[in-house]
>>> print(open('final20.cif').read())   # mmCIF, C-alpha atoms
data_final
#
loop_
_atom_site.group_PDB
_atom_site.id
_atom_site.type_symbol
_atom_site.label_atom_id
_atom_site.label_comp_id
_atom_site.auth_asym_id
_atom_site.auth_seq_id
_atom_site.Cartn_x
_atom_site.Cartn_y
_atom_site.Cartn_z
ATOM 1 C CA MET J 1 -9.170 23.504 22.707
ATOM 2 C CA LEU J 2 -5.700 24.770 21.829
ATOM 3 C CA LEU J 3 -4.065 23.043 24.820
ATOM 4 C CA LEU J 4 -5.658 19.729 23.864
ATOM 5 C CA ILE J 5 -4.511 19.984 20.258
ATOM 6 C CA LEU J 6 -0.997 21.043 21.333
ATOM 7 C CA GLY J 7 -0.824 18.116 23.758
ATOM 8 C CA VAL J 8 -1.854 15.566 21.144
ATOM 9 C CA ALA J 9 0.499 17.121 18.569
ATOM 10 C CA LEU J 10 3.434 17.078 21.000
ATOM 11 C CA TRP J 11 2.737 13.422 21.919
ATOM 12 C CA VAL J 12 2.653 12.442 18.244
ATOM 13 C CA ALA J 13 5.754 14.474 17.327
ATOM 14 C CA VAL J 14 7.894 13.068 20.135
ATOM 15 C CA HIS J 15 6.866 9.485 19.404
ATOM 16 C CA LEU J 16 7.227 9.726 15.630
ATOM 17 C CA PHE J 17 10.528 11.636 15.658
ATOM 18 C CA LYS J 18 12.623 8.443 15.683
ATOM 19 C CA ARG J 19 10.657 6.905 12.807
ATOM 20 C CA VAL J 20 10.185 9.962 10.621
ATOM 21 C CA ALA J 21 13.633 11.550 11.085
ATOM 22 C CA PRO J 22 16.070 8.799 12.133
ATOM 23 C CA GLU J 23 19.095 10.742 10.837
ATOM 24 C CA ALA J 24 18.207 13.736 13.002
ATOM 25 C CA ARG J 25 17.430 11.521 16.021
ATOM 26 C CA ARG J 26 20.560 9.329 15.897
ATOM 27 C CA PRO J 27 23.145 11.982 16.891
ATOM 28 C CA LEU J 28 21.077 12.920 19.951
ATOM 29 C CA GLY J 29 21.783 9.488 21.431
ATOM 30 C CA GLU J 30 20.688 8.494 24.917
ATOM 31 C CA LYS J 31 20.365 12.058 26.200
ATOM 32 C CA PHE J 32 17.270 12.528 24.027
ATOM 33 C CA LYS J 33 15.409 9.897 26.054
ATOM 34 C CA GLY J 34 15.315 12.208 29.083
ATOM 35 C CA VAL J 35 14.177 15.149 26.976
ATOM 36 C CA ALA J 36 11.560 12.957 25.294
ATOM 37 C CA ALA J 37 10.249 11.786 28.678
ATOM 38 C CA ILE J 38 9.859 15.390 29.859
ATOM 39 C CA LEU J 39 8.133 16.379 26.611
ATOM 40 C CA LEU J 40 5.745 13.428 26.932
ATOM 41 C CA VAL J 41 4.826 14.406 30.492
ATOM 42 C CA VAL J 42 4.189 17.954 29.252
ATOM 43 C CA SER J 43 2.033 16.570 26.430
ATOM 44 C CA VAL J 44 -0.064 14.523 28.873
ATOM 45 C CA VAL J 45 -0.528 17.556 31.147
ATOM 46 C CA LEU J 46 -1.616 19.650 28.155
ATOM 47 C CA MET J 47 -4.035 16.936 27.019
ATOM 48 C CA VAL J 48 -5.597 16.561 30.472
ATOM 49 C CA ILE J 49 -5.970 20.306 31.047
ATOM 50 C CA GLY J 50 -7.206 20.867 27.501
ATOM 51 C CA TYR J 51 -9.668 17.971 27.590
ATOM 52 C CA ARG J 52 -11.100 18.671 31.040
ATOM 53 C CA GLY J 53 -11.303 22.412 30.465
ATOM 54 C CA TRP J 54 -13.126 22.396 27.141
ATOM 55 C CA GLU J 55 -16.909 22.190 26.973
ATOM 56 C CA SER J 56 -16.896 20.958 23.398
ATOM 57 C CA PRO J 57 -19.972 20.276 21.285
ATOM 58 C CA VAL J 58 -21.455 16.786 21.246
ATOM 59 C CA LEU J 59 -21.326 15.233 17.775
ATOM 60 C CA TYR J 60 -22.968 11.873 18.538
ATOM 61 C CA ALA J 61 -24.395 9.897 21.448
ATOM 62 C CA ALA J 62 -23.460 6.372 22.475
ATOM 63 C CA GLY J 63 -25.954 3.802 21.296
ATOM 64 C CA PRO J 64 -27.714 1.321 23.571
ATOM 65 C CA GLY J 65 -25.317 -1.286 24.916
ATOM 66 C CA PHE J 66 -22.221 0.626 23.891
ATOM 67 C CA TRP J 67 -21.255 1.095 27.545
ATOM 68 C CA HIS J 68 -21.083 -2.661 28.041
ATOM 69 C CA PHE J 69 -19.079 -3.084 24.853
ATOM 70 C CA ASN J 70 -16.785 -0.245 25.962
ATOM 71 C CA ASN J 71 -16.067 -2.020 29.254
ATOM 72 C CA LEU J 72 -15.360 -5.334 27.527
ATOM 73 C CA LEU J 73 -13.144 -3.622 24.961
ATOM 74 C CA MET J 74 -11.209 -1.904 27.750
ATOM 75 C CA VAL J 75 -10.438 -5.247 29.423
ATOM 76 C CA ILE J 76 -9.287 -6.622 26.063
ATOM 77 C CA ALA J 77 -7.199 -3.468 25.472
ATOM 78 C CA LEU J 78 -5.414 -3.954 28.792
ATOM 79 C CA ILE J 79 -4.708 -7.611 28.026
ATOM 80 C CA VAL J 80 -3.387 -6.821 24.542
ATOM 81 C CA PHE J 81 -1.341 -3.872 25.847
ATOM 82 C CA GLY J 82 0.286 -6.044 28.500
ATOM 83 C CA ALA J 83 1.023 -9.006 26.224
ATOM 84 C CA GLY J 84 4.464 -7.678 25.336
ATOM 85 C CA MET J 85 5.417 -7.390 28.986
ATOM 86 C CA ALA J 86 3.968 -10.784 29.961
ATOM 87 C CA LYS J 87 5.814 -12.544 27.142
ATOM 88 C CA GLY J 88 3.413 -15.491 27.105
ATOM 89 C CA TRP J 89 1.664 -17.194 24.181
ATOM 90 C CA LEU J 90 -0.267 -14.060 23.153
ATOM 91 C CA TRP J 91 3.019 -12.184 22.755
ATOM 92 C CA THR J 92 3.943 -14.493 19.876
ATOM 93 C CA LYS J 93 0.745 -13.583 17.987
ATOM 94 C CA ILE J 94 0.746 -9.779 18.160
ATOM 95 C CA ARG J 95 3.662 -7.791 16.795
ATOM 96 C CA HIS J 96 2.814 -4.460 18.421
ATOM 97 C CA PRO J 97 0.799 -5.303 21.535
ATOM 98 C CA GLN J 98 1.184 -1.926 23.229
ATOM 99 C CA LEU J 99 0.229 0.038 20.131
ATOM 100 C CA TYR J 100 -2.734 -2.235 19.366
ATOM 101 C CA GLY J 101 -3.835 -2.120 23.005
ATOM 102 C CA PHE J 102 -3.582 1.659 22.844
ATOM 103 C CA THR J 103 -5.684 1.660 19.659
ATOM 104 C CA LEU J 104 -8.355 -0.492 21.319
ATOM 105 C CA TRP J 105 -8.363 1.929 24.277
ATOM 106 C CA ALA J 106 -8.948 4.828 21.861
ATOM 107 C CA VAL J 107 -11.744 3.025 19.989
ATOM 108 C CA ALA J 108 -13.449 2.037 23.255
ATOM 109 C CA HIS J 109 -13.460 5.650 24.393
ATOM 110 C CA LEU J 110 -14.708 6.925 21.032
ATOM 111 C CA LEU J 111 -17.667 4.536 21.229
ATOM 112 C CA VAL J 112 -19.019 6.267 24.323
ATOM 113 C CA ASN J 113 -17.638 9.809 24.118
ATOM 114 C CA GLY J 114 -19.139 11.693 21.192
ATOM 115 C CA ASP J 115 -17.942 15.209 21.893
ATOM 116 C CA LEU J 116 -15.386 17.033 19.751
ATOM 117 C CA ALA J 117 -12.745 17.040 22.511
ATOM 118 C CA SER J 118 -12.955 13.246 22.733
ATOM 119 C CA LEU J 119 -12.734 12.922 18.977
ATOM 120 C CA ILE J 120 -9.544 15.006 18.981
ATOM 121 C CA LEU J 121 -8.013 13.247 21.996
ATOM 122 C CA PHE J 122 -8.934 9.608 21.471
ATOM 123 C CA GLY J 123 -9.141 9.804 17.684
ATOM 124 C CA GLY J 124 -5.822 11.614 17.423
ATOM 125 C CA LEU J 125 -4.029 9.172 19.712
ATOM 126 C CA GLY J 126 -5.623 6.161 18.017
ATOM 127 C CA ILE J 127 -4.525 7.386 14.605
ATOM 128 C CA TRP J 128 -1.016 8.020 15.981
ATOM 129 C CA ALA J 129 -0.794 4.401 17.213
ATOM 130 C CA LEU J 130 -1.828 3.017 13.824
ATOM 131 C CA VAL J 131 0.605 5.301 11.968
ATOM 132 C CA GLU J 132 3.362 4.149 14.339
ATOM 133 C CA VAL J 133 2.526 0.499 13.565
ATOM 134 C CA ALA J 134 2.675 1.180 9.816
ATOM 135 C CA LEU J 135 6.003 3.011 10.078
ATOM 136 C CA ILE J 136 7.590 0.306 12.225
ATOM 137 C CA ASN J 137 6.337 -2.429 9.899
ATOM 138 C CA ARG J 138 7.812 -0.628 6.921
ATOM 139 C CA GLN J 139 11.198 -0.062 8.592
ATOM 140 C CA ASP J 140 11.738 -3.298 10.505
ATOM 141 C CA THR J 141 11.033 -6.980 9.982
ATOM 142 C CA TRP J 142 9.472 -8.937 12.811
ATOM 143 C CA VAL J 143 11.136 -11.962 14.256
ATOM 144 C CA ARG J 144 8.396 -13.841 16.057
ATOM 145 C CA PRO J 145 9.437 -14.215 19.704
ATOM 146 C CA ALA J 146 9.394 -17.476 21.630
ATOM 147 C CA SER J 147 6.507 -17.998 24.033
ATOM 148 C CA GLY J 148 7.169 -17.881 27.735
ATOM 149 C CA GLY J 149 4.180 -20.186 28.233
ATOM 150 C CA ILE J 150 0.444 -19.929 28.729
ATOM 151 C CA LYS J 151 0.840 -19.413 32.491
ATOM 152 C CA ARG J 152 2.191 -15.965 31.762
ATOM 153 C CA ASP J 153 -0.991 -15.169 29.853
ATOM 154 C CA GLY J 154 -3.067 -16.321 32.817
ATOM 155 C CA ALA J 155 -1.149 -13.926 35.045
ATOM 156 C CA LEU J 156 -1.596 -11.224 32.405
ATOM 157 C CA VAL J 157 -5.375 -11.645 32.454
ATOM 158 C CA ALA J 158 -5.456 -11.506 36.260
ATOM 159 C CA ILE J 159 -3.275 -8.376 36.368
ATOM 160 C CA SER J 160 -5.338 -6.776 33.588
ATOM 161 C CA LEU J 161 -8.549 -7.347 35.548
ATOM 162 C CA VAL J 162 -7.011 -5.760 38.643
ATOM 163 C CA MET J 163 -5.784 -2.825 36.533
ATOM 164 C CA TYR J 164 -9.249 -2.475 35.021
ATOM 165 C CA GLY J 165 -10.698 -2.264 38.533
ATOM 166 C CA VAL J 166 -8.182 0.423 39.490
ATOM 167 C CA ILE J 167 -8.860 2.409 36.311
ATOM 168 C CA ALA J 168 -12.633 2.095 36.782
ATOM 169 C CA GLY J 169 -12.215 3.251 40.389
ATOM 170 C CA ILE J 170 -10.267 6.319 39.266
ATOM 171 C CA HIS J 171 -12.982 7.098 36.719
ATOM 172 C CA ILE J 172 -15.623 6.785 39.460
ATOM 173 C CA LEU J 173 -13.640 9.108 41.769
ATOM 174 C CA LEU J 174 -13.499 11.640 38.927
ATOM 175 C CA GLY J 175 -17.284 11.426 38.519
ATOM 176 C CA HIS J 176 -17.377 9.250 35.386
ATOM 177 C CA ASN J 177 -18.751 5.859 36.381
ATOM 178 C CA PRO J 178 -18.112 3.459 33.470
ATOM 179 C CA PHE J 179 -20.766 1.092 34.817
ATOM 180 C CA LEU J 180 -23.559 3.666 34.843
ATOM 181 C CA GLY J 181 -23.063 5.043 31.347
ATOM 182 C CA THR J 182 -21.293 8.314 32.158
ATOM 183 C CA THR J 183 -18.643 9.533 29.758
ATOM 184 C CA ALA J 184 -14.852 9.889 29.949
#
>>> encode(input="final20.cif", output="structure tokens")
Amino acid sequence: MLLLILGVALWVAVHLFKRVAPEARRPLGEKFKGVAAILLVVSVVLMVIGYRGWESPVLYAAGPGFWHFNNLLMVIALIVFGAGMAKGWLWTKIRHPQLYGFTLWAVAHLLVNGDLASLILFGGLGIWALVEVALINRQDTWVRPASGGIKRDGALVAISLVMYGVIAGIHILLGHNPFLGTTA
């Protein structure tokens, strides 16, 4: 449990450092990016070890049909997450596509994983993404970007579907088939 909580806390701290303490972050310059990357890798390792190693109590069970909704929400999360990289029409409609995609990923996983470890992992990361959105919105104004065209969104959907297949395959290899209603 402790490793999971430390991993989530480290992820949140590294990501929020720039927004919460810009005066402390500024003098660190570009060299902090390397340190931040290492800290984020450490946080992910801690989260994975902590999550997989903790037999936490189950707080709720997924309702009927939630697995199908989870799968649909995951495809949407991948599309939203990638909108900023595709720079198509969708990119002009969503200010924080990666953070909103991340939030959808967290919600999708919370729908079907009702144990305490999942609540800490997915709930904690989902809350972080929403806090990040609020902080960015308060600090910066958004200049709506120009669309690169709808064709880019078509490519985004195709790539997202391929990525979904890869992610589902990894889940299956790990023993958590998202099509058969097994968690994680």
>>> resolve_selection(input="final20.cif", expression="the PyMOL selection byres ((chain J and resi 116) around 12)", output="list in words")
Met1, Leu4, Ile5, Gly50, Tyr51, Trp54, Glu55, Ser56, Pro57, Val58, Leu59, Tyr60, Ala61, Leu110, Asn113, Gly114, Asp115, Ala117, Ser118, Leu119, Ile120, Leu121, Phe122, Gly123 and Gly124 of chain J
>>> atom_distance(input="final20.cif", atom1="CA of Tyr100 in chain J", atom2="CA of Leu28 in chain J")
28.2 Å
>>> closest_residue(input="final20.cif", among="J:Phe69, J:Leu173, J:Gly34, J:Ser43", to="Val12 in chain J", atoms="all atoms listed in the file")
J:Ser43
>>> resolve_selection(input="final20.cif", expression="the PyMOL selection byres ((chain J and resi 159) around 12)", output="count of residues only")
23
>>> closest_residue(input="final20.cif", among="J:Gly29, J:Gly169, J:Gly53, J:Pro22", to="Leu2 in chain J", atoms="only C-alpha atoms")
J:Gly53
>>> closest_residue(input="final20.cif", among="J:Val41, J:Asn71, J:Leu99, J:Ile167", to="Ala134 in chain J", atoms="all atoms listed in the file")
J:Leu99
>>> residues_near_point(input="final20.cif", point="(7.0, 10.5, 19.2)", cutoff="12 Å", atoms="all atoms listed in the file", output="ChimeraX atom specification")
/J:7-22,25,32-33,35-37,39-40,43,125,128-129,131-132,135
>>> atom_distance(input="final20.cif", atom1="CA of Ala24 in chain J", atom2="CA of Ile136 in chain J")
17.1 Å
>>> atom_distance(input="final20.cif", atom1="CA of Gln139 in chain J", atom2="CA of Leu6 in chain J")
27.5 Å
>>> resolve_selection(input="final20.cif", expression="the PyMOL selection byres ((chain J and resi 94) around 12)", output="JSON, numbers by chain")
{"J": [79, 80, 81, 82, 83, 84, 87, 88, 89, 90, 91, 92, 93, 95, 96, 97, 98, 99, 100, 101, 133, 142, 143, 144, 145, 147]}
>>> axis_aligned_box(input="final20.cif", around="range 44-63 of chain J", padding_each_side="6 Å", output="AutoDock Vina command-line options")
--center_x -13.0 --center_y 13.1 --center_z 24.5 --size_x 37.9 --size_y 30.6 --size_z 25.4
>>> closest_residue(input="final20.cif", among="J:Val44, J:Leu3, J:Ala62, J:Ile76", to="Val112 in chain J", atoms="only C-alpha atoms")
J:Ala62
>>> closest_residue(input="final20.cif", among="J:Met74, J:Leu104, J:Trp67, J:Leu111", to="Leu180 in chain J", atoms="all atoms listed in the file")
J:Trp67
>>> residues_around(input="final20.cif", residues="Ala168 in chain J", least_positions_apart="4", cutoff="8 Å", atoms="all atoms listed in the file", output="PDB file with C-alpha atoms, in the frame of the given file")
ATOM      1  CA  TYR J 164      -9.249  -2.475  35.021  1.00  0.00           C
ATOM      2  CA  ILE J 172     -15.623   6.785  39.460  1.00  0.00           C
ATOM      3  CA  ASN J 177     -18.751   5.859  36.381  1.00  0.00           C
ATOM      4  CA  PRO J 178     -18.112   3.459  33.470  1.00  0.00           C
TER       5      PRO J 178
END
>>> closest_residue(input="final20.cif", among="J:Pro64, J:Lys31, J:Phe102, J:Ile49", to="Leu130 in chain J", atoms="all atoms listed in the file")
J:Phe102
>>> decode(input="final20.cif", residues="range 109-140 of chain J", atoms="N, CA, C and O atoms", output="compact mmCIF listing (two decimals), in the first residue's frame")
# COMPACT_ATOMS: atom_id res chain seq x y z
N HIS J 109 -11.40 3.07 -15.65
CA HIS J 109 -10.84 2.04 -14.78
C HIS J 109 -11.55 1.98 -13.42
O HIS J 109 -11.70 0.90 -12.84
N LEU J 110 -12.00 3.11 -12.93
CA LEU J 110 -12.75 3.11 -11.66
C LEU J 110 -14.11 2.46 -11.81
O LEU J 110 -14.64 1.90 -10.85
N LEU J 111 -14.69 2.51 -13.00
CA LEU J 111 -15.99 1.87 -13.23
C LEU J 111 -15.94 0.36 -13.01
O LEU J 111 -16.91 -0.24 -12.57
N VAL J 112 -14.80 -0.25 -13.32
CA VAL J 112 -14.72 -1.71 -13.30
C VAL J 112 -13.75 -2.27 -12.28
O VAL J 112 -13.62 -3.49 -12.14
N ASN J 113 -13.06 -1.42 -11.56
CA ASN J 113 -12.12 -1.86 -10.53
C ASN J 113 -12.51 -1.23 -9.20
O ASN J 113 -12.21 -0.07 -8.96
N GLY J 114 -13.18 -2.00 -8.36
CA GLY J 114 -13.72 -1.45 -7.12
C GLY J 114 -12.91 -1.72 -5.88
O GLY J 114 -13.42 -1.58 -4.77
N ASP J 115 -11.66 -2.09 -6.04
CA ASP J 115 -10.84 -2.33 -4.85
C ASP J 115 -10.16 -1.04 -4.40
O ASP J 115 -10.07 -0.07 -5.15
N LEU J 116 -9.68 -1.02 -3.17
CA LEU J 116 -9.08 0.18 -2.60
C LEU J 116 -7.83 0.60 -3.35
O LEU J 116 -7.60 1.80 -3.56
N ALA J 117 -7.02 -0.35 -3.81
CA ALA J 117 -5.81 -0.01 -4.56
C ALA J 117 -6.17 0.74 -5.84
O ALA J 117 -5.52 1.72 -6.21
N SER J 118 -7.22 0.30 -6.52
CA SER J 118 -7.66 0.97 -7.75
C SER J 118 -8.20 2.35 -7.45
O SER J 118 -7.97 3.30 -8.21
N LEU J 119 -8.90 2.49 -6.35
CA LEU J 119 -9.41 3.80 -5.97
C LEU J 119 -8.26 4.77 -5.71
O LEU J 119 -8.31 5.92 -6.16
N ILE J 120 -7.21 4.30 -5.06
CA ILE J 120 -6.05 5.16 -4.80
C ILE J 120 -5.32 5.48 -6.11
O ILE J 120 -4.99 6.64 -6.38
N LEU J 121 -5.08 4.46 -6.93
CA LEU J 121 -4.32 4.66 -8.16
C LEU J 121 -5.11 5.49 -9.18
O LEU J 121 -4.68 6.59 -9.55
N PHE J 122 -6.23 4.97 -9.63
CA PHE J 122 -6.97 5.64 -10.69
C PHE J 122 -7.66 6.91 -10.18
O PHE J 122 -7.71 7.92 -10.89
N GLY J 123 -8.20 6.85 -8.96
CA GLY J 123 -8.82 8.05 -8.39
C GLY J 123 -7.80 9.14 -8.15
O GLY J 123 -8.04 10.31 -8.47
N GLY J 124 -6.66 8.77 -7.59
CA GLY J 124 -5.61 9.76 -7.33
C GLY J 124 -5.10 10.41 -8.60
O GLY J 124 -4.94 11.64 -8.67
N LEU J 125 -4.86 9.61 -9.63
CA LEU J 125 -4.35 10.16 -10.89
C LEU J 125 -5.43 10.97 -11.62
O LEU J 125 -5.12 12.00 -12.24
N GLY J 126 -6.67 10.54 -11.53
CA GLY J 126 -7.76 11.31 -12.14
C GLY J 126 -7.94 12.66 -11.47
O GLY J 126 -8.12 13.68 -12.15
N ILE J 127 -7.87 12.68 -10.15
CA ILE J 127 -7.97 13.95 -9.43
C ILE J 127 -6.79 14.85 -9.78
O ILE J 127 -6.95 16.05 -10.01
N TRP J 128 -5.57 14.26 -9.86
CA TRP J 128 -4.41 15.06 -10.26
C TRP J 128 -4.66 15.74 -11.61
O TRP J 128 -4.39 16.94 -11.77
N ALA J 129 -5.17 15.00 -12.60
CA ALA J 129 -5.38 15.56 -13.93
C ALA J 129 -6.35 16.73 -13.88
O ALA J 129 -6.13 17.77 -14.53
N LEU J 130 -7.41 16.60 -13.11
CA LEU J 130 -8.40 17.69 -13.01
C LEU J 130 -7.84 18.90 -12.26
O LEU J 130 -8.11 20.04 -12.64
N VAL J 131 -7.03 18.66 -11.24
CA VAL J 131 -6.38 19.77 -10.53
C VAL J 131 -5.42 20.48 -11.47
O VAL J 131 -5.35 21.72 -11.51
N GLU J 132 -4.68 19.72 -12.26
CA GLU J 132 -3.75 20.31 -13.24
C GLU J 132 -4.50 21.19 -14.23
O GLU J 132 -4.07 22.30 -14.54
N VAL J 133 -5.65 20.72 -14.73
CA VAL J 133 -6.46 21.52 -15.65
C VAL J 133 -6.87 22.83 -14.98
O VAL J 133 -6.75 23.91 -15.57
N ALA J 134 -7.35 22.75 -13.75
CA ALA J 134 -7.80 23.96 -13.04
C ALA J 134 -6.64 24.94 -12.84
O ALA J 134 -6.81 26.15 -13.03
N LEU J 135 -5.48 24.44 -12.46
CA LEU J 135 -4.33 25.32 -12.25
C LEU J 135 -3.87 25.97 -13.55
O LEU J 135 -3.57 27.18 -13.58
N ILE J 136 -3.82 25.21 -14.61
CA ILE J 136 -3.41 25.77 -15.91
C ILE J 136 -4.42 26.81 -16.36
O ILE J 136 -4.04 27.90 -16.82
N ASN J 137 -5.70 26.52 -16.22
CA ASN J 137 -6.73 27.47 -16.64
C ASN J 137 -6.65 28.77 -15.85
O ASN J 137 -6.91 29.84 -16.40
N ARG J 138 -6.29 28.67 -14.60
CA ARG J 138 -6.19 29.87 -13.77
C ARG J 138 -4.94 30.69 -14.11
O ARG J 138 -4.96 31.91 -14.01
N GLN J 139 -3.88 30.03 -14.55
CA GLN J 139 -2.61 30.72 -14.80
C GLN J 139 -2.44 31.20 -16.23
O GLN J 139 -1.72 32.16 -16.47
N ASP J 140 -3.05 30.51 -17.18
CA ASP J 140 -2.84 30.83 -18.59
C ASP J 140 -4.16 30.99 -19.31
O ASP J 140 -5.13 30.31 -19.00
